[in-house]
Amino acid sequence: MIGRVLRAELLKAQWWLLGSLVVGGGLVVILLSGDGSIPGAGQWESAYQVAVIQYSWLFYPLLAGVFAALVCRVEHVAGGWKQTLALPVSRTAVYLAKYVLLVGLLAATSVVFGVGFVGTGLLSGFDGAVPWASVGRSLLAGWVAVLPLAAVQLWVSSRWKSFGAALALNVCFTLPAIFAAQSSEFGPWYPWAQPMLAMLPSTAQISAGGPLSIAPETFWVVIVGGFAVALAGGLLTFLRSDAPT
Amino acid sequence: MTGAGVARAEGPVGVGGSAGPRRAGHSEDPARASAHGTSFGALAAADWRRMRHTWLLPLTVMGPLGVTLMGVILFLLKGEWLLSGFDPAIDSGFGILFEQLGMIQIFALGLGATLIASMIVDVEHRSDTWKAFLVLPVRRWKAYVVKFAWAALLLATASVLMGLGYAVLMVWQDLGPIPWADVARASALPWIGTLPLLAFQLLVSTSMKNQALPLALGIITPMFGMGMSGMPAWLPWRLPTQGLILAAGGVTAGSPGEALAWLTVPVLCALSAASVLVSVGAALLTRKEIR
């Protein structure tokens with residue numbers, strides 16, 4: 001059933017806006033990160049570092065909030081929740097379909113970012129081979145790390161009608177990541193710093209040998225645990241409460 | 001920039017085509033011409049009554065409070081490292097503070113501009129009061145300029161509070177005497193730099209009823225102008241950072257001799273860009289058909 005609900009979600013989505021954010025966002029990051037590469041061996045790596053900091057520090061976590069708010073927007077306008085939930089589909093399916101769409105959009109943004117980066121590198125004629133493996137790992141790790149944040153944003157966006165309120169909350173949580181990511185004690189435990197830390201792992205992180213070069217405690221407790229808690233919390237809230245008016 | 005293009009396209013039509021068919025039902029009644037002198041003061045008072053009970057005012061306080069709280073978190077987390085080797089006699093305590101928090105202040109200002117611009121016109125969008133508002137004997141461009149002025153004033157208030165927040169942090173961390181001149185620059189210059197962004201967001205927010213796009217735009221785009229961005233310095237998304245850089249330069253090199261140092265190219269660009277965007281917005285609102 002979730003497949004059909006998902007198809008309905010795809011129909012309802014405001015594609016011109018979502019599409020321009022997915023394509024435009026990823027590419028603008030590439031354009032604006034400028035040419036930070038150092039010619040010679042490791043040119044790809046140095047350029048990737050500059051681009052990925054721009055991408056993962058604020059942009060990617062904030063984009064999760066924007067997408068979450070947009071995914072719920074149709075329902076918030078003009079009593080759409082009541083219409084959707086009056087259909088013979090389970091609330092669980094509706095909520096999960098929204099989550100799948102949300103994380104799908106985030107994955108698409110990362111793919112655009114990756115393709116844009118490799119394309120720019122090839123056009124500027126970087127030295128050496130394209131580091132497919134490390135770029136791919138980084139993109140995948142960033143996406144995994146953003147999953148709990150997306151779950152939190154869907155939780156609040158499905159409850160709050162105000163687009164601004166959900167986004168303000170997102171910004172409040174995301175901004176401290178700037179400091180948290182620099183702190184070796186606090187950083188691994190702050191969920192909003194994880195996309196950055198996962199996409200640009202420190203040597204200590206890599207040597208800790210967790211999945212996707214994320215330290216094992218961080219991966220299982222903060223990312224997997226946070227994802228489970230936020231998704232379950234949001235789903236339970238959605239199941240038990242009245243349709244938001 | 002699109003704004004300038006629109007201005008060129010609208011300009012001649014706006015002058016010659018005031019009796020165009022689009023305005024047929026809405027053009028100002030000549031009989032009311034005398035009432036067109038509605039003062040800015042009266043309009044400002046009316047806007048104040050409408051926004052008094054919205055989130056605009058709490059937001060103005062919460063923004064600087066939030067940045068100050070982040071400063072508290074920062075010093076609790078890595079205060080020892082930041083202040084290792086700090087000597088009030090040699091180092092500028094404010095310089096250390098501003099270096100850490102300035103970027104956050106810029107980000108909060110950009111976001112504040114977006115939210116304020118959206119909320120200040122959302123009142124009219126939501127209750128369709130644009131219509132009710134604009135059939136009153138009010139010059140439309142005046143109504144627009146007053147909205148911009150209120151939004152700019154709210155941001156200015158937030159900036160002053162931000163300066164106070166810096167002062168509080170300095171007293172708390174015992175960072176030496178407060179350099180009020182530097183604090184004032186740190187409040188004022190980023191504010192001036194944010195005005196074009198505010199004007200742009202007000203333009204976008206006014207032009208459409210659905211506030212999703214203006215908000216998404218205003219949250220995502222300012223960060224592209226931050227940090228090591230490759231964006232030209234005169235664009236609205238980059239100017240706040242330019243203001244920050246100017247202010248930070250004053251912190252380290254702040255001597256009494258450079259009283260006019262604020263009057264630099266980026267600041268002038270900011271002011272002129274803001275005034276252009278405000279005029280474009282006012283022109284568009286004047287020509288806009290209110291459904």
# chains A, B, ... in the order shown; residues from 1 in each chain; ligands from 1
>>> interface_residues(of="chain B", to="chain A", cutoff="8 Å", atoms="only C-alpha atoms", output="number ranges by chain")
B: 66, 70, 74, 77-78, 104, 115, 212-213, 215-216, 219-220, 223-224, 228-231
>>> write_last_selection(atoms="N, CA and C atoms", output="PDB file, in the first residue's frame")
ATOM      1  N   GLY B  66      19.375  34.361  21.089  1.00  0.00           N
ATOM      2  CA  GLY B  66      19.876  33.060  20.645  1.00  0.00           C
ATOM      3  C   GLY B  66      21.357  33.101  20.336  1.00  0.00           C
ATOM      4  N   MET B  70      24.376  31.162  22.176  1.00  0.00           N
ATOM      5  CA  MET B  70      25.392  30.356  21.499  1.00  0.00           C
ATOM      6  C   MET B  70      26.779  30.762  21.944  1.00  0.00           C
ATOM      7  N   LEU B  74      29.458  28.384  23.537  1.00  0.00           N
ATOM      8  CA  LEU B  74      30.823  28.371  22.999  1.00  0.00           C
ATOM      9  C   LEU B  74      31.855  28.477  24.108  1.00  0.00           C
ATOM     10  N   LEU B  77      32.000  25.395  26.206  1.00  0.00           N
ATOM     11  CA  LEU B  77      32.614  24.249  25.531  1.00  0.00           C
ATOM     12  C   LEU B  77      34.116  24.402  25.393  1.00  0.00           C
ATOM     13  N   LYS B  78      34.521  25.548  24.837  1.00  0.00           N
ATOM     14  CA  LYS B  78      35.953  25.664  24.580  1.00  0.00           C
ATOM     15  C   LYS B  78      36.505  27.022  25.014  1.00  0.00           C
ATOM     16  N   ILE B 104      27.932  33.973  13.130  1.00  0.00           N
ATOM     17  CA  ILE B 104      26.601  33.562  13.583  1.00  0.00           C
ATOM     18  C   ILE B 104      25.659  34.759  13.539  1.00  0.00           C
ATOM     19  N   LEU B 115      12.635  36.129   7.649  1.00  0.00           N
ATOM     20  CA  LEU B 115      11.426  35.873   8.434  1.00  0.00           C
ATOM     21  C   LEU B 115      10.610  37.145   8.605  1.00  0.00           C
ATOM     22  N   ALA B 212       6.189  29.823   0.868  1.00  0.00           N
ATOM     23  CA  ALA B 212       7.163  28.726   0.915  1.00  0.00           C
ATOM     24  C   ALA B 212       8.416  29.071   0.130  1.00  0.00           C
ATOM     25  N   LEU B 213       8.234  29.624  -1.054  1.00  0.00           N
ATOM     26  CA  LEU B 213       9.404  29.939  -1.879  1.00  0.00           C
ATOM     27  C   LEU B 213      10.258  31.050  -1.259  1.00  0.00           C
ATOM     28  N   LEU B 215      10.602  31.868   1.792  1.00  0.00           N
ATOM     29  CA  LEU B 215      11.273  31.386   2.995  1.00  0.00           C
ATOM     30  C   LEU B 215      12.382  30.406   2.646  1.00  0.00           C
ATOM     31  N   ALA B 216      12.078  29.472   1.736  1.00  0.00           N
ATOM     32  CA  ALA B 216      13.107  28.512   1.334  1.00  0.00           C
ATOM     33  C   ALA B 216      14.306  29.250   0.753  1.00  0.00           C
ATOM     34  N   ILE B 219      16.346  31.150   3.407  1.00  0.00           N
ATOM     35  CA  ILE B 219      17.099  30.346   4.362  1.00  0.00           C
ATOM     36  C   ILE B 219      18.313  29.733   3.681  1.00  0.00           C
ATOM     37  N   ILE B 220      18.146  29.357   2.423  1.00  0.00           N
ATOM     38  CA  ILE B 220      19.238  28.675   1.728  1.00  0.00           C
ATOM     39  C   ILE B 220      20.263  29.664   1.170  1.00  0.00           C
ATOM     40  N   MET B 223      23.518  31.741   3.050  1.00  0.00           N
ATOM     41  CA  MET B 223      24.734  31.039   3.466  1.00  0.00           C
ATOM     42  C   MET B 223      25.725  30.910   2.306  1.00  0.00           C
ATOM     43  N   PHE B 224      25.233  31.080   1.086  1.00  0.00           N
ATOM     44  CA  PHE B 224      26.151  31.026  -0.041  1.00  0.00           C
ATOM     45  C   PHE B 224      27.054  32.255  -0.079  1.00  0.00           C
ATOM     46  N   MET B 228      34.022  31.442   2.733  1.00  0.00           N
ATOM     47  CA  MET B 228      34.962  31.498   1.623  1.00  0.00           C
ATOM     48  C   MET B 228      34.240  31.571   0.288  1.00  0.00           C
ATOM     49  N   SER B 229      33.081  32.178   0.284  1.00  0.00           N
ATOM     50  CA  SER B 229      32.266  32.177  -0.915  1.00  0.00           C
ATOM     51  C   SER B 229      32.955  32.885  -2.076  1.00  0.00           C
ATOM     52  N   GLY B 230      32.696  32.382  -3.288  1.00  0.00           N
ATOM     53  CA  GLY B 230      33.261  33.008  -4.475  1.00  0.00           C
ATOM     54  C   GLY B 230      32.319  34.033  -5.091  1.00  0.00           C
ATOM     55  N   MET B 231      31.273  34.407  -4.357  1.00  0.00           N
ATOM     56  CA  MET B 231      30.265  35.331  -4.900  1.00  0.00           C
ATOM     57  C   MET B 231      30.804  36.767  -4.934  1.00  0.00           C
TER      58      MET B 231
END
>>> atom_distance(atom1="atom CA of B:Asp122", atom2="atom CA of A:Val22")
26.2 Å
>>> atom_distance(atom1="atom CA of A:Gly119", atom2="atom CA of A:Gln49")
15.8 Å
>>> residues_around(residues="A:Gly233", least_positions_apart="6", cutoff="10 Å", atoms="only C-alpha atoms", output="PyMOL selection string")
chain A and resi 151-152+155+227+239
>>> residues_around(residues="B:Trp172", least_positions_apart="2", cutoff="12 Å", atoms="only C-alpha atoms", output="ChimeraX atom specification")
/B:68,71-72,75-76,79,93,97,165-170,174-178
>>> closest_atom_pairs(of="stretch 137-198 of chain A", to="stretch 105-109 of chain A", cutoff="9 Å", atoms="only C-alpha atoms", output="JSON lines")
{"residue": "A:Leu139", "atom": "CA", "partner": "A:Ala107", "partner_atom": "CA", "distance": 8.6}
{"residue": "A:Leu140", "atom": "CA", "partner": "A:Ala107", "partner_atom": "CA", "distance": 8.3}
{"residue": "A:Trp143", "atom": "CA", "partner": "A:Ala107", "partner_atom": "CA", "distance": 6.3}
{"residue": "A:Val146", "atom": "CA", "partner": "A:Leu106", "partner_atom": "CA", "distance": 8.4}
{"residue": "A:Ala150", "atom": "CA", "partner": "A:Leu106", "partner_atom": "CA", "distance": 8.9}
>>> closest_residue(among="A:Gly121, A:Ser162, A:Asp242, A:Ala47", to="A:Ala86", atoms="only C-alpha atoms")
A:Asp242
>>> closest_residue(among="B:Trp180, B:Trp130, B:Phe148, B:Trp48", to="B:Lys209", atoms="only C-alpha atoms")
B:Trp130
>>> residues_around(residues="B:Ile245", least_positions_apart="2", cutoff="10 Å", atoms="only C-alpha atoms", output="list in words")
Glu99, Gly102, Met103, Ala186, Leu189, Pro190, Leu239, Pro240, Thr241, Gln242, Gly243, Ala247, Ala248, Gly249, Gly250 and Val251 of chain B
>>> write_last_selection(atoms="N, CA and C atoms", output="PDB file, in the first residue's frame")
ATOM      1  N   GLU B  99      35.258  37.435  16.560  1.00  0.00           N
ATOM      2  CA  GLU B  99      35.781  36.496  15.572  1.00  0.00           C
ATOM      3  C   GLU B  99      34.972  35.214  15.607  1.00  0.00           C
ATOM      4  N   GLY B 102      30.757  36.522  15.157  1.00  0.00           N
ATOM      5  CA  GLY B 102      30.353  37.419  14.074  1.00  0.00           C
ATOM      6  C   GLY B 102      29.617  36.683  12.961  1.00  0.00           C
ATOM      7  N   MET B 103      30.144  35.530  12.587  1.00  0.00           N
ATOM      8  CA  MET B 103      29.538  34.757  11.500  1.00  0.00           C
ATOM      9  C   MET B 103      28.114  34.335  11.862  1.00  0.00           C
ATOM     10  N   ALA B 186      30.201  46.880  15.154  1.00  0.00           N
ATOM     11  CA  ALA B 186      29.827  45.488  14.943  1.00  0.00           C
ATOM     12  C   ALA B 186      28.316  45.327  14.846  1.00  0.00           C
ATOM     13  N   LEU B 189      27.371  47.941  11.049  1.00  0.00           N
ATOM     14  CA  LEU B 189      27.811  47.621   9.690  1.00  0.00           C
ATOM     15  C   LEU B 189      27.144  46.368   9.121  1.00  0.00           C
ATOM     16  N   PRO B 190      27.072  45.258   9.874  1.00  0.00           N
ATOM     17  CA  PRO B 190      26.329  44.121   9.330  1.00  0.00           C
ATOM     18  C   PRO B 190      24.871  44.468   9.065  1.00  0.00           C
ATOM     19  N   LEU B 239      26.881  40.983   0.882  1.00  0.00           N
ATOM     20  CA  LEU B 239      27.132  42.252   1.562  1.00  0.00           C
ATOM     21  C   LEU B 239      27.134  42.161   3.089  1.00  0.00           C
ATOM     22  N   PRO B 240      26.250  41.351   3.714  1.00  0.00           N
ATOM     23  CA  PRO B 240      26.340  41.261   5.170  1.00  0.00           C
ATOM     24  C   PRO B 240      27.727  40.840   5.630  1.00  0.00           C
ATOM     25  N   THR B 241      28.301  39.863   4.923  1.00  0.00           N
ATOM     26  CA  THR B 241      29.646  39.424   5.286  1.00  0.00           C
ATOM     27  C   THR B 241      30.653  40.545   5.093  1.00  0.00           C
ATOM     28  N   GLN B 242      30.447  41.361   4.034  1.00  0.00           N
ATOM     29  CA  GLN B 242      31.346  42.494   3.828  1.00  0.00           C
ATOM     30  C   GLN B 242      31.259  43.462   5.006  1.00  0.00           C
ATOM     31  N   GLY B 243      30.030  43.686   5.483  1.00  0.00           N
ATOM     32  CA  GLY B 243      29.848  44.533   6.653  1.00  0.00           C
ATOM     33  C   GLY B 243      30.588  43.975   7.855  1.00  0.00           C
ATOM     34  N   ALA B 247      33.623  45.624   9.961  1.00  0.00           N
ATOM     35  CA  ALA B 247      33.532  45.809  11.407  1.00  0.00           C
ATOM     36  C   ALA B 247      34.702  45.128  12.099  1.00  0.00           C
ATOM     37  N   ALA B 248      35.058  43.935  11.636  1.00  0.00           N
ATOM     38  CA  ALA B 248      36.155  43.212  12.276  1.00  0.00           C
ATOM     39  C   ALA B 248      37.470  43.950  12.060  1.00  0.00           C
ATOM     40  N   GLY B 249      37.635  44.552  10.879  1.00  0.00           N
ATOM     41  CA  GLY B 249      38.846  45.334  10.626  1.00  0.00           C
ATOM     42  C   GLY B 249      38.971  46.455  11.637  1.00  0.00           C
ATOM     43  N   GLY B 250      37.836  47.059  11.986  1.00  0.00           N
ATOM     44  CA  GLY B 250      37.855  48.147  12.943  1.00  0.00           C
ATOM     45  C   GLY B 250      38.228  47.679  14.331  1.00  0.00           C
ATOM     46  N   VAL B 251      37.899  46.430  14.609  1.00  0.00           N
ATOM     47  CA  VAL B 251      38.180  45.942  15.944  1.00  0.00           C
ATOM     48  C   VAL B 251      39.675  45.857  16.173  1.00  0.00           C
TER      49      VAL B 251
END
>>> residues_around(residues="A:Ser138", least_positions_apart="5", cutoff="10 Å", atoms="only C-alpha atoms", output="PyMOL selection string")
chain A and resi 48+52+110+114+132-133+143-144+195-201+212-213
>>> closest_residue(among="B:Gln100, B:Ser118, B:Gln173, B:Ser279", to="B:Val67", atoms="only C-alpha atoms")
B:Gln100
>>> atom_distance(atom1="atom CA of A:Val111", atom2="atom CA of A:Gly136")
9.1 Å
>>> closest_residue(among="A:Val130, A:Gln205, A:Pro191, A:Cys72", to="A:Lys98", atoms="only C-alpha atoms")
A:Cys72
>>> residues_around(residues="A:Glu217", least_positions_apart="4", cutoff="9 Å", atoms="only C-alpha atoms", output="PyMOL selection string")
chain A and resi 188-189+210+221-222
>>> write_last_selection(atoms="C-alpha atoms", output="mmCIF file, in the first residue's frame")
data_model
loop_
_atom_site.group_PDB
_atom_site.id
_atom_site.type_symbol
_atom_site.label_atom_id
_atom_site.label_comp_id
_atom_site.auth_asym_id
_atom_site.auth_seq_id
_atom_site.Cartn_x
_atom_site.Cartn_y
_atom_site.Cartn_z
ATOM 1 C CA PRO A 188 30.517 13.049 18.009
ATOM 2 C CA TRP A 189 27.355 13.328 20.117
ATOM 3 C CA GLY A 210 33.062 2.132 12.242
ATOM 4 C CA VAL A 221 23.862 5.673 19.185
ATOM 5 C CA VAL A 222 23.518 9.083 17.548
#
